[in-house]
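Peer 1: For reference, this is query-v4.cif, and it has mmCIF, C-alpha atoms.
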data_target
loop_
_atom_site.label_atom_id
_atom_site.label_comp_id
_atom_site.auth_asym_id
_atom_site.auth_seq_id
_atom_site.Cartn_x
_atom_site.Cartn_y
_atom_site.Cartn_z
CA MET G 1 106.72 -176.52 106.91
CA LEU G 2 103.23 -177.53 105.80
CA LEU G 3 101.78 -176.11 109.01
CA GLN G 4 103.68 -172.86 108.43
CA PHE G 5 102.20 -172.75 104.94
CA PHE G 6 98.71 -173.15 106.33
CA TYR G 7 99.20 -170.50 109.03
CA ALA G 8 100.62 -168.04 106.52
CA PHE G 9 97.74 -168.78 104.16
CA ALA G 10 95.23 -167.97 106.90
CA SER G 11 96.91 -164.75 108.00
CA THR G 12 97.28 -163.51 104.42
CA ALA G 13 93.60 -164.28 103.92
CA GLY G 14 93.02 -162.04 106.94
CA PHE G 15 94.91 -159.22 105.25
CA CYS G 16 92.83 -159.82 102.12
CA LEU G 17 89.68 -159.33 104.20
CA ILE G 18 90.94 -156.11 105.77
CA PHE G 19 92.19 -154.59 102.51
CA ASN G 20 89.14 -155.73 100.59
CA VAL G 21 90.79 -157.81 97.89
CA PRO G 22 88.16 -158.82 95.32
CA ARG G 23 86.62 -162.17 96.20
CA ARG G 24 87.71 -163.90 92.99
CA HIS G 25 91.39 -163.17 93.76
CA MET G 26 91.37 -164.03 97.44
CA ILE G 27 92.62 -167.61 97.15
CA SER G 28 95.40 -166.78 94.71
CA ALA G 29 96.53 -163.76 96.75
CA SER G 30 96.61 -165.84 99.94
CA THR G 31 98.59 -168.56 98.18
CA VAL G 32 101.15 -165.98 97.03
CA GLY G 33 101.58 -164.74 100.60
CA ALA G 34 101.80 -168.27 101.98
CA LEU G 35 104.43 -169.32 99.42
CA GLY G 36 106.45 -166.18 100.18
CA TRP G 37 106.45 -166.98 103.90
CA THR G 38 107.30 -170.63 103.23
CA ALA G 39 110.24 -169.52 101.08
CA PHE G 40 111.36 -167.25 103.95
CA GLN G 41 111.14 -170.14 106.43
CA TYR G 42 112.93 -172.48 104.04
CA ALA G 43 115.81 -170.02 103.58
CA LEU G 44 116.11 -169.73 107.37
CA PHE G 45 115.97 -173.53 107.62
CA ILE G 46 118.89 -174.11 105.24
CA GLY G 47 120.93 -171.70 107.32
CA HIS G 48 120.72 -168.23 105.78
CA GLY G 49 120.45 -165.09 107.88
CA ASN G 50 117.26 -163.14 108.48
CA VAL G 51 118.06 -160.50 105.88
CA ALA G 52 118.88 -162.94 103.07
CA ALA G 53 115.82 -165.03 103.88
CA CYS G 54 113.61 -161.94 103.81
CA PHE G 55 115.08 -160.99 100.45
CA PHE G 56 114.42 -164.46 99.09
CA GLY G 57 110.82 -164.48 100.36
CA SER G 58 110.08 -161.05 98.90
CA CYS G 59 111.52 -162.10 95.54
CA VAL G 60 109.16 -165.07 95.50
CA VAL G 61 106.19 -162.86 96.38
CA ALA G 62 107.06 -160.27 93.74
CA LEU G 63 107.56 -162.85 91.00
CA LEU G 64 104.41 -164.83 91.82
CA SER G 65 102.24 -161.73 92.03
CA ASP G 66 103.49 -160.53 88.67
CA ILE G 67 102.63 -163.92 87.19
CA CYS G 68 99.21 -163.78 88.87
CA SER G 69 98.53 -160.27 87.58
CA ARG G 70 99.31 -161.42 84.06
CA VAL G 71 97.22 -164.57 84.32
CA PHE G 72 94.19 -162.90 85.91
CA LYS G 73 94.65 -159.59 84.03
CA ASP G 74 94.44 -157.36 87.09
CA ALA G 75 96.68 -154.91 88.95
CA THR G 76 99.86 -156.32 90.53
CA THR G 77 99.15 -154.38 93.71
CA LEU G 78 96.25 -156.68 94.52
CA PHE G 79 98.64 -159.58 95.04
CA ILE G 80 101.78 -157.82 96.27
CA ILE G 81 100.27 -155.91 99.20
CA PRO G 82 98.69 -158.85 101.08
CA GLY G 83 101.58 -161.11 100.08
CA ILE G 84 104.40 -158.94 101.35
CA LEU G 85 102.82 -158.09 104.71
CA PRO G 86 103.74 -161.31 106.57
CA LEU G 87 107.40 -160.63 105.74
CA VAL G 88 107.45 -157.14 107.27
CA PRO G 89 109.76 -157.45 110.30
CA GLY G 90 107.32 -156.84 113.14
CA ALA G 91 109.20 -159.10 115.55
CA GLY G 92 112.47 -157.26 114.90
CA MET G 93 110.80 -153.93 115.53
CA TYR G 94 109.28 -155.16 118.78
CA ASN G 95 112.58 -156.57 120.01
CA THR G 96 114.37 -153.33 119.13
CA MET G 97 111.86 -151.46 121.22
CA LEU G 98 112.26 -153.90 124.12
CA ALA G 99 116.03 -153.44 124.06
CA PHE G 100 115.49 -149.68 124.04
CA LEU G 101 113.25 -149.96 127.11
CA ASP G 102 115.97 -151.94 128.88
CA SER G 103 118.47 -149.22 127.94
CA ASN G 104 120.48 -152.00 126.33
CA PHE G 105 121.78 -149.86 123.48
CA GLU G 106 124.22 -152.39 122.14
CA LYS G 107 121.48 -154.95 121.63
CA MET G 108 119.18 -152.23 120.30
CA THR G 109 121.57 -151.17 117.53
CA LYS G 110 122.23 -154.80 116.65
CA ILE G 111 118.58 -155.83 116.31
CA GLY G 112 117.54 -152.42 115.01
CA SER G 113 120.01 -152.41 112.16
CA GLU G 114 118.98 -155.94 111.24
CA THR G 115 115.32 -154.86 111.19
CA ILE G 116 116.06 -151.88 108.98
CA LEU G 117 118.10 -154.12 106.68
CA MET G 118 115.19 -156.56 106.49
CA ALA G 119 112.78 -153.79 105.50
CA GLY G 120 115.40 -152.60 103.01
CA SER G 121 115.79 -156.08 101.58
CA ILE G 122 112.04 -156.25 100.94
CA ALA G 123 112.31 -152.96 99.06
CA VAL G 124 115.35 -154.08 97.06
CA ALA G 125 113.73 -157.40 96.21
CA LEU G 126 110.57 -155.74 94.92
CA LEU G 127 112.66 -153.24 92.98
CA MET G 128 114.91 -155.85 91.39
CA VAL G 129 112.14 -158.21 90.37
CA ALA G 130 110.03 -155.39 88.96
CA SER G 131 112.93 -153.95 86.94
CA LEU G 132 113.88 -157.39 85.69
CA ILE G 133 110.35 -158.10 84.51
CA LYS G 134 110.14 -154.66 82.91
CA ALA G 135 113.42 -155.25 81.08
CA ILE G 136 112.27 -158.65 79.85
CA VAL G 137 108.94 -157.29 78.65
CA THR G 138 110.61 -154.35 76.89
CA ILE G 139 113.14 -156.59 75.18
CA LYS G 140 110.41 -158.94 74.01
CA ARG G 141 108.31 -156.08 72.71
CA GLY G 142 111.36 -154.45 71.18
CA PHE G 143 112.21 -157.59 69.25
CA PHE G 144 108.67 -157.87 67.97
CA ASP G 145 108.70 -154.23 66.92
CA LEU G 146 111.91 -154.72 65.03
CA PHE G 147 110.39 -157.70 63.36
CA ARG G 148 107.25 -155.79 62.46
CA LYS G 149 109.18 -152.85 61.05
CA ARG G 150 111.18 -155.14 58.83
CA LYS G 151 108.01 -156.79 57.66
CA ASN G 152 106.54 -153.40 56.86
CA LEU G 153 109.66 -152.41 54.99
CA LYS G 154 109.46 -155.60 53.01
CA ASN G 155 105.84 -154.93 52.18
CA ILE G 156 106.64 -151.43 51.04
CA ASN G 157 109.51 -152.71 48.96
CA SER G 158 107.39 -155.37 47.35
CA GLU G 159 104.65 -152.83 46.64
CA GLN G 160 107.13 -150.60 44.93
CA MET Z 1 86.51 -120.47 77.64
CA ILE Z 2 86.18 -124.06 78.60
CA ASN Z 3 82.94 -125.65 77.47
CA GLN Z 4 80.59 -127.75 79.52
CA VAL Z 5 81.52 -131.07 77.95
CA GLN Z 6 85.18 -130.64 78.73
CA LYS Z 7 84.35 -129.67 82.27
CA LYS Z 8 82.36 -132.87 82.67
CA ILE Z 9 85.19 -134.94 81.26
CA LEU Z 10 87.62 -133.36 83.69
CA ILE Z 11 85.37 -133.95 86.66
CA LEU Z 12 85.02 -137.57 85.59
CA ALA Z 13 88.77 -138.05 85.18
CA LEU Z 14 89.58 -136.33 88.47
CA PHE Z 15 86.95 -138.36 90.30
CA ALA Z 16 88.44 -141.60 88.98
CA GLY Z 17 91.91 -140.46 90.03
CA GLU Z 18 90.67 -139.43 93.45
CA ILE Z 19 89.08 -142.80 94.17
CA MET Z 20 92.25 -144.60 93.09
CA LEU Z 21 94.55 -142.45 95.22
CA LYS Z 22 92.30 -142.80 98.23
CA SER Z 23 92.30 -146.57 97.84
CA GLY Z 24 96.08 -146.66 97.89
CA ALA Z 25 97.01 -147.11 94.21
CA GLU Z 26 100.48 -146.35 92.85
CA ILE Z 27 101.02 -142.92 91.34
CA TYR Z 28 101.73 -144.04 87.79
CA ARG Z 29 98.50 -146.02 87.74
CA VAL Z 30 96.54 -142.91 88.75
CA GLU Z 31 98.26 -140.71 86.19
CA ASP Z 32 97.77 -143.36 83.52
CA THR Z 33 94.06 -143.67 84.28
CA VAL Z 34 93.41 -139.92 84.22
CA THR Z 35 95.33 -139.48 80.96
CA ARG Z 36 93.54 -142.43 79.41
CA ILE Z 37 90.11 -141.04 80.26
CA CYS Z 38 91.01 -137.59 78.88
CA LYS Z 39 92.43 -139.08 75.69
CA ALA Z 40 89.34 -141.26 75.25
CA CYS Z 41 87.23 -138.08 75.21
CA ASN Z 42 89.31 -136.49 72.44
CA ILE Z 43 91.30 -134.05 74.54
CA PRO Z 44 94.60 -134.08 72.68
CA TYR Z 45 96.72 -132.42 75.31
CA ALA Z 46 96.31 -133.69 78.87
CA GLU Z 47 99.10 -133.60 81.40
CA VAL Z 48 98.70 -135.12 84.88
CA PHE Z 49 100.82 -134.77 87.96
CA ALA Z 50 99.74 -136.74 91.01
CA THR Z 51 101.22 -136.97 94.48
CA THR Z 52 99.89 -138.84 97.47
CA THR Z 53 98.00 -135.74 98.64
CA GLY Z 54 96.74 -134.18 95.43
CA ILE Z 55 96.20 -134.38 91.66
CA PHE Z 56 96.93 -131.64 89.13
CA VAL Z 57 95.54 -131.86 85.62
CA SER Z 58 96.23 -129.50 82.72
CA VAL Z 59 94.15 -129.76 79.58
CA ASP Z 60 94.15 -127.98 76.24
CA GLU Z 61 91.85 -128.46 73.29
CA GLY Z 62 94.72 -127.95 70.93
CA SER Z 63 93.04 -125.39 68.67
CA GLU Z 64 94.51 -121.90 68.15
CA HIS Z 65 91.96 -119.99 70.21
CA SER Z 66 91.64 -122.38 73.10
CA ASP Z 67 92.99 -121.61 76.53
CA MET Z 68 94.96 -123.88 78.77
CA HIS Z 69 93.09 -124.99 81.90
CA THR Z 70 94.52 -126.45 85.06
CA PHE Z 71 92.59 -128.22 87.76
CA LEU Z 72 93.62 -129.28 91.20
CA LYS Z 73 92.16 -131.85 93.54
CA ARG Z 74 93.21 -132.24 97.13
CA ILE Z 75 93.14 -135.78 98.52
CA ARG Z 76 92.54 -136.54 102.16
CA ASN Z 77 91.82 -139.62 104.23
CA ASN Z 78 93.51 -142.62 102.74
CA SER Z 79 92.08 -146.03 103.37
CA ILE Z 80 93.25 -149.07 101.50
CA ASP Z 81 90.66 -150.75 99.33
CA LEU Z 82 92.11 -152.97 96.65
CA GLU Z 83 88.79 -153.87 95.10
CA LYS Z 84 88.18 -150.26 94.05
CA ILE Z 85 91.58 -150.11 92.35
CA SER Z 86 90.76 -153.25 90.44
CA LYS Z 87 87.33 -151.98 89.43
CA ILE Z 88 88.56 -148.58 88.24
CA ASN Z 89 91.35 -150.24 86.33
CA GLN Z 90 88.75 -152.18 84.40
CA PHE Z 91 86.52 -149.11 84.14
CA SER Z 92 89.25 -147.03 82.45
CA ARG Z 93 89.82 -149.81 79.93
CA THR Z 94 86.16 -150.20 79.05
CA PHE Z 95 85.71 -146.42 78.96
CA ALA Z 96 88.56 -146.07 76.48
CA THR Z 97 87.52 -148.90 74.20
CA THR Z 98 83.72 -148.69 74.14
CA ASP Z 99 81.77 -145.49 73.49
CA LEU Z 100 80.31 -145.01 76.94
CA SER Z 101 78.83 -141.53 77.42
CA ILE Z 102 80.26 -139.24 80.07
CA ASP Z 103 77.13 -139.33 82.23
CA GLU Z 104 77.03 -143.11 82.13
CA GLY Z 105 80.69 -143.17 83.10
CA MET Z 106 79.99 -140.85 86.02
CA ASP Z 107 77.18 -143.12 87.22
CA LEU Z 108 79.50 -146.13 87.02
CA LEU Z 109 82.17 -144.31 89.01
CA LYS Z 110 79.68 -143.30 91.69
CA GLU Z 111 78.58 -146.91 91.93
CA ILE Z 112 82.21 -148.00 92.38
CA ASN Z 113 82.81 -145.33 95.00
CA HIS Z 114 79.86 -146.52 97.05
CA SER Z 115 80.56 -150.21 96.55
CA SER Z 116 80.67 -151.72 99.96
CA GLN Z 117 83.65 -153.36 101.55
CA PHE Z 118 83.43 -156.76 103.11
CA ALA Z 119 80.82 -156.80 105.83
CA PHE Z 120 82.03 -155.40 109.13
CA LEU Z 121 81.97 -158.84 110.72
CA TRP Z 122 84.21 -160.30 108.03
CA ARG Z 123 86.79 -157.55 108.42
CA VAL Z 124 86.89 -157.97 112.18
CA LEU Z 125 87.27 -161.70 111.65
CA GLY Z 126 90.14 -160.94 109.24
CA ALA Z 127 91.92 -158.87 111.87
CA GLY Z 128 91.50 -161.69 114.36
CA MET Z 129 92.89 -164.18 111.86
CA ILE Z 130 95.98 -162.07 111.16
CA ALA Z 131 96.79 -161.66 114.84
CA SER Z 132 96.10 -165.23 115.91
CA PHE Z 133 97.75 -167.08 113.04
CA PHE Z 134 100.78 -164.83 113.27
CA THR Z 135 101.23 -165.65 116.91
CA VAL Z 136 101.09 -169.35 116.08
CA MET Z 137 103.43 -168.90 113.12
CA LEU Z 138 106.10 -167.49 115.43
CA GLY Z 139 105.69 -170.36 117.88
CA GLY Z 140 102.71 -169.55 120.10
CA ARG Z 141 100.50 -172.20 121.67
CA LEU Z 142 96.75 -172.72 121.69
CA LEU Z 143 96.08 -170.29 124.55
CA ASP Z 144 98.18 -167.63 122.80
CA PHE Z 145 96.12 -168.24 119.68
CA ILE Z 146 92.87 -167.57 121.52
CA ALA Z 147 94.21 -164.51 123.34
CA SER Z 148 95.62 -162.87 120.21
CA PHE Z 149 92.44 -163.60 118.28
CA ALA Z 150 90.49 -161.71 120.92
CA ILE Z 151 93.03 -158.88 120.92
CA GLY Z 152 92.99 -158.62 117.13
CA VAL Z 153 89.20 -158.39 117.07
CA LEU Z 154 89.02 -155.84 119.89
CA THR Z 155 91.77 -153.55 118.64
CA TYR Z 156 90.49 -153.56 115.07
CA PHE Z 157 87.09 -152.61 116.44
CA VAL Z 158 88.65 -149.73 118.37
CA THR Z 159 90.64 -148.63 115.29
CA ILE Z 160 87.42 -148.32 113.31
CA LEU Z 161 85.93 -146.22 116.11
CA LEU Z 162 89.03 -144.01 116.14
CA GLU Z 163 88.74 -143.62 112.36
CA ARG Z 164 85.28 -142.16 112.89
CA LEU Z 165 86.85 -139.50 115.16
CA GLU Z 166 89.13 -138.48 112.25
CA LEU Z 167 92.23 -138.38 114.38
CA ASN Z 168 95.52 -138.29 112.56
CA LEU Z 169 97.19 -141.49 111.49
CA PHE Z 170 99.92 -141.59 114.11
CA ILE Z 171 97.73 -141.00 117.13
CA LYS Z 172 95.42 -143.72 115.86
CA ASP Z 173 98.23 -146.29 115.60
CA PHE Z 174 99.69 -145.13 118.90
CA CYS Z 175 96.39 -145.68 120.74
CA SER Z 176 95.67 -149.02 119.05
CA CYS Z 177 99.09 -150.42 119.84
CA ALA Z 178 98.99 -149.19 123.42
CA LEU Z 179 95.70 -151.07 123.71
CA VAL Z 180 97.31 -154.18 122.18
CA ALA Z 181 100.06 -154.14 124.79
CA PHE Z 182 97.62 -153.49 127.63
CA LEU Z 183 95.29 -156.31 126.61
CA ALA Z 184 98.19 -158.71 126.08
CA LEU Z 185 99.47 -158.00 129.59
CA LEU Z 186 95.96 -158.37 130.96
CA PHE Z 187 95.28 -161.69 129.22
CA VAL Z 188 98.59 -163.17 130.27
CA GLY Z 189 97.95 -161.83 133.77
CA ILE Z 190 94.63 -163.68 134.09
CA GLY Z 191 96.21 -166.82 132.69
CA LEU Z 192 94.94 -166.73 129.12
CA GLY Z 193 98.16 -167.05 127.12
CA HIS Z 194 101.76 -167.95 127.84
CA SER Z 195 103.95 -165.42 126.07
CA THR Z 196 103.24 -161.68 126.16
CA HIS Z 197 105.90 -161.06 123.52
CA LEU Z 198 104.47 -163.41 120.92
CA ILE Z 199 100.93 -162.15 121.45
CA ILE Z 200 102.03 -158.53 121.04
CA ILE Z 201 104.13 -159.25 117.95
CA GLY Z 202 101.26 -161.12 116.33
CA SER Z 203 98.72 -158.43 117.14
CA ILE Z 204 100.74 -155.43 115.95
CA MET Z 205 101.06 -157.06 112.51
CA ILE Z 206 97.68 -155.52 111.67
CA PHE Z 207 99.10 -152.01 112.03
CA LEU Z 208 102.56 -152.44 110.49
CA PRO Z 209 103.26 -150.11 107.54
CA GLY Z 210 103.82 -152.84 104.97
CA VAL Z 211 101.59 -151.14 102.44
CA SER Z 212 103.53 -147.88 102.73
CA ILE Z 213 106.85 -149.67 102.25
CA THR Z 214 105.59 -151.53 99.19
CA ASN Z 215 104.07 -148.44 97.62
CA ALA Z 216 107.13 -146.32 98.42
CA VAL Z 217 109.30 -148.73 96.44
CA ARG Z 218 106.88 -149.03 93.56
CA ASP Z 219 106.49 -145.25 93.31
CA SER Z 220 110.21 -144.58 93.45
CA LEU Z 221 110.71 -147.21 90.78
CA THR Z 222 108.51 -145.40 88.28
CA GLY Z 223 110.24 -142.08 88.96
CA ASP Z 224 107.64 -140.54 91.28
CA LEU Z 225 110.26 -139.68 93.85
CA VAL Z 226 108.17 -137.15 95.77
CA SER Z 227 105.46 -139.71 96.51
CA GLY Z 228 108.02 -142.42 97.13
CA LEU Z 229 109.75 -140.33 99.78
CA SER Z 230 106.53 -139.21 101.42
CA ARG Z 231 105.32 -142.81 101.68
CA ALA Z 232 108.66 -143.94 103.11
CA MET Z 233 108.37 -141.15 105.67
CA GLU Z 234 104.86 -142.31 106.51
CA ALA Z 235 106.16 -145.85 107.03
CA ILE Z 236 108.87 -144.65 109.41
CA LEU Z 237 106.48 -142.47 111.40
CA VAL Z 238 103.92 -145.26 111.74
CA ALA Z 239 106.62 -147.66 112.89
CA VAL Z 240 107.75 -145.16 115.51
CA ALA Z 241 104.15 -144.60 116.63
CA ILE Z 242 103.63 -148.34 117.07
CA ALA Z 243 106.86 -148.77 119.01
CA ALA Z 244 106.02 -145.79 121.21
CA GLY Z 245 102.51 -147.08 121.93
CA VAL Z 246 103.64 -150.53 122.95
CA GLY Z 247 106.73 -149.23 124.74
CA LEU Z 248 104.81 -146.74 126.85
CA VAL Z 249 102.45 -149.37 128.22
CA LEU Z 250 105.24 -151.84 128.91
CA LYS Z 251 107.27 -149.13 130.64
CA ILE Z 252 104.36 -148.12 132.87
CA PHE Z 253 103.72 -151.79 133.66
CA GLY Z 254 107.41 -152.18 134.52
CA ALA Z 255 107.32 -149.08 136.70
CA PHE Z 256 104.57 -150.68 138.79
CA GLY Z 257 106.78 -153.66 139.34
CA GLY Z 258 105.45 -155.98 136.66
CA VAL Z 259 107.71 -158.31 134.74
CA TYR Z 260 107.02 -158.52 130.99
#
Could you show the structure in this file as structure tokens?

Peer 2:
Amino acid sequence: MLLQFFYAFASTAGFCLIFNVPRRHMISASTVGALGWTAFQYALFIGHGNVAACFFGSCVVALLSDICSRVFKDATTLFIIPGILPLVPGAGMYNTMLAFLDSNFEKMTKIGSETILMAGSIAVALLMVASLIKAIVTIKRGFFDLFRKRKNLKNINSEQ
Amino acid sequence: MINQVQKKILILALFAGEIMLKSGAEIYRVEDTVTRICKACNIPYAEVFATTTGIFVSVDEGSEHSDMHTFLKRIRNNSIDLEKISKINQFSRTFATTDLSIDEGMDLLKEINHSSQFAFLWRVLGAGMIASFFTVMLGGRLLDFIASFAIGVLTYFVTILLERLELNLFIKDFCSCALVAFLALLFVGIGLGHSTHLIIIGSIMIFLPGVSITNAVRDSLTGDLVSGLSRAMEAILVAVAIAAGVGLVLKIFGAFGGVY
């Protein structure tokens, strides 16, 4: 698992180089990607399917990159894009294509649908985490606003 | 009539939006930046509509005699550059909070636009790292590592050359992935590497449309459905181009009696 973490760290760092992530964020972005991949491997290890594991890994990436963007005060995209890339199902796509070349259509539909589901699960994971965070932030802000309004009302009342 | 100052403001805002879109930012971030710059320059009414291929901006002074003006900017040639997004994000904040003049802002933007990427050598090294470590991650051995590192470096080099030719996106990915498959077969053929499959899977990771998938979701989430759909379409087409590129080479190799 530790080796997997290291490999994922290195390959995410490679993505950071290609996509020109600012130098000061490179280590944190690579760590996000590596943790996402480790979560994916862990979910596979405890016996979940590819799709569920991919979902779990993407959730981890989305959450961590949101935390990072808040801590470092920079755009979330900087962390999500390099982090999510190791989870994109390249192997599934390649195997689908191989099955297609063999004219093995049964195998092709089987692997192909799993690949599409994996890509879909990345999308759903990103969507869910982002909406959840948005909801939490709005509720927090909403509560504070309510509080502030009451305070203002009180002030006005006391002035009167 | 629109006066000169407003024209300058608009050019500034559009330029900022253009750089962001070209670097692969989400739509709401672009629209937010352009609106913020316009508002910072005391244009009360500014409405922005951005898609992945263009930005529309409408502005109005808000007085009784003023006309409404609409500007349009076509965006071509996307290349992902996250540092520019980060820099312009900070630029729009400082521009809104401090009283930077428009000319100074323009100079800053030009500086950002010309800010260099990582040196060529570093980027090539990055491509090599992606390919090689991915191969190992999926269970490759030392020889596979070396072979895919070489393939990653070579294909990324070729991709940059193809970018200079300004071919369209799909042909570019098709050619690069065909080259990946060819080199993988070659390396395994001369004994450098054990598994063709693992080497190819690792090396095509560089070209996979992960960015398009991510951005498609994030755009759809904020209600920019047009851009979300177009990016999803881009992801599908790129995936098909990659599969076709690799598949073609493998098929030809098979037709000559090779076993992959």

Peer 1: Return as an MDAnalysis selection string the residues belonging to chain G that are within 9 Å of chain Z, counting all atoms listed in the file.

Peer 2: chainID G and resid 3:4 7:8 10:23 74:75 77:78 80:82 84:91 93:98 100:101 119 122:124 126:127 130:131

Peer 1: Any chance you could work out the residue set of the PyMOL selection byres ((chain G and resi 52) around 10) here, as a PDB file with C-alpha atoms, keeping the file's coordinate frame?

Peer 2:
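Writing done, so here's selection-v2.pdb:
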ATOM      1  CA  PHE G  40     111.360-167.250 103.950  1.00  0.00           C
ATOM      2  CA  ALA G  43     115.810-170.020 103.580  1.00  0.00           C
ATOM      3  CA  LEU G  44     116.110-169.730 107.370  1.00  0.00           C
ATOM      4  CA  GLY G  47     120.930-171.700 107.320  1.00  0.00           C
ATOM      5  CA  HIS G  48     120.720-168.230 105.780  1.00  0.00           C
ATOM      6  CA  GLY G  49     120.450-165.090 107.880  1.00  0.00           C
ATOM      7  CA  ASN G  50     117.260-163.140 108.480  1.00  0.00           C
ATOM      8  CA  VAL G  51     118.060-160.500 105.880  1.00  0.00           C
ATOM      9  CA  ALA G  53     115.820-165.030 103.880  1.00  0.00           C
ATOM     10  CA  CYS G  54     113.610-161.940 103.810  1.00  0.00           C
ATOM     11  CA  PHE G  55     115.080-160.990 100.450  1.00  0.00           C
ATOM     12  CA  PHE G  56     114.420-164.460  99.090  1.00  0.00           C
ATOM     13  CA  GLY G  57     110.820-164.480 100.360  1.00  0.00           C
ATOM     14  CA  SER G  58     110.080-161.050  98.900  1.00  0.00           C
ATOM     15  CA  LEU G 117     118.100-154.120 106.680  1.00  0.00           C
ATOM     16  CA  MET G 118     115.190-156.560 106.490  1.00  0.00           C
ATOM     17  CA  SER G 121     115.790-156.080 101.580  1.00  0.00           C
ATOM     18  CA  ILE G 122     112.040-156.250 100.940  1.00  0.00           C
TER      19      ILE G 122
END

Peer 1: Taking the file as I've supplied it (selection: the PyMOL selection byres ((chain Z and resi 36) around 10)), which residues are included? Please answer as a PDB file with C-alpha atoms, in the frame of the given file.

Peer 2:
ATOM      1  CA  ALA Z  13      88.770-138.050  85.180  1.00  0.00           C
ATOM      2  CA  VAL Z  30      96.540-142.910  88.750  1.00  0.00           C
ATOM      3  CA  GLU Z  31      98.260-140.710  86.190  1.00  0.00           C
ATOM      4  CA  ASP Z  32      97.770-143.360  83.520  1.00  0.00           C
ATOM      5  CA  THR Z  33      94.060-143.670  84.280  1.00  0.00           C
ATOM      6  CA  VAL Z  34      93.410-139.920  84.220  1.00  0.00           C
ATOM      7  CA  THR Z  35      95.330-139.480  80.960  1.00  0.00           C
ATOM      8  CA  ILE Z  37      90.110-141.040  80.260  1.00  0.00           C
ATOM      9  CA  CYS Z  38      91.010-137.590  78.880  1.00  0.00           C
ATOM     10  CA  LYS Z  39      92.430-139.080  75.690  1.00  0.00           C
ATOM     11  CA  ALA Z  40      89.340-141.260  75.250  1.00  0.00           C
ATOM     12  CA  CYS Z  41      87.230-138.080  75.210  1.00  0.00           C
ATOM     13  CA  ILE Z  43      91.300-134.050  74.540  1.00  0.00           C
ATOM     14  CA  ALA Z  46      96.310-133.690  78.870  1.00  0.00           C
ATOM     15  CA  SER Z  92      89.250-147.030  82.450  1.00  0.00           C
ATOM     16  CA  ARG Z  93      89.820-149.810  79.930  1.00  0.00           C
ATOM     17  CA  PHE Z  95      85.710-146.420  78.960  1.00  0.00           C
ATOM     18  CA  ALA Z  96      88.560-146.070  76.480  1.00  0.00           C
TER      19      ALA Z  96
END

Peer 1: Using CA of Asp107 (chain Z) and CA of Lys22 (chain Z) as the two end points, give the distance in Å to one decimal.

Peer 2: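 So the answer is 18.7 Å.
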
Peer 1: Compare G:Gly83, G:Gly33, G:Gly142, G:Gly92 by their minimum atom-to-atom distance to Lys110 (chain G), counting all atoms listed in the file, and give me the closest one.

Peer 2: G:Gly92

Peer 1: When you count only C-alpha atoms, which of these residues is closest to Glu104 (chain Z): Z:Cys177, Z:Val249, Z:Val259, Z:Ile9?

Peer 2: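 Closest to Glu104 (chain Z), using only C-alpha atoms: Z:Ile9.
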
Peer 1: Could you tell me which of G:Cys68, G:Ala99, G:Lys107, G:Gly112 comes closest to Ser28 (chain G) if we count all atoms listed in the file?

Peer 2: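 Closest to Ser28 (chain G) of all the choices is G:Cys68.
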
Peer 1: What does the structure give for the distance between CA of Ile75 (chain Z) and CA of Ser69 (chain G), in Å to one decimal?

Peer 2: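 Between CA of Ile75 (chain Z) and CA of Ser69 (chain G) the gap works out to 27.4 Å.
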
Peer 1: Might you pull out every residue within 8 Å of Thr155 (chain Z), with all atoms listed in the file counted and same-chain residues fewer than 2 positions away left off, and present them as a PDB file with C-alpha atoms, in the frame of the given file?

Peer 2:
ATOM      1  CA  ILE Z 151      93.030-158.880 120.920  1.00  0.00           C
ATOM      2  CA  GLY Z 152      92.990-158.620 117.130  1.00  0.00           C
ATOM      3  CA  VAL Z 153      89.200-158.390 117.070  1.00  0.00           C
ATOM      4  CA  PHE Z 157      87.090-152.610 116.440  1.00  0.00           C
ATOM      5  CA  VAL Z 158      88.650-149.730 118.370  1.00  0.00           C
ATOM      6  CA  THR Z 159      90.640-148.630 115.290  1.00  0.00           C
ATOM      7  CA  SER Z 176      95.670-149.020 119.050  1.00  0.00           C
ATOM      8  CA  LEU Z 179      95.700-151.070 123.710  1.00  0.00           C
ATOM      9  CA  VAL Z 180      97.310-154.180 122.180  1.00  0.00           C
TER      10      VAL Z 180
END

Peer 1: Just how far from CA of Leu225 (chain Z) is CA of Leu109 (chain Z), in Å to one decimal?

Peer 2: 28.9 Å

Peer 1: For this structure, which residues satisfy the selection - the PyMOL selection byres ((chain Z and resi 53) around 8) - when it is evaluated on the file as given? I want them as a ChimeraX atom specification.

Peer 2: /Z:50-52,54-55,74-76

Peer 1: Near region 60-64 of chain Z, counting all atoms listed in the file, which residues have an atom at most 9 Å away, once you skip same-chain residues fewer than 6 positions from it, shown as an MDAnalysis selection string?

Peer 2: chainID Z and resid 2 6 42:46 70
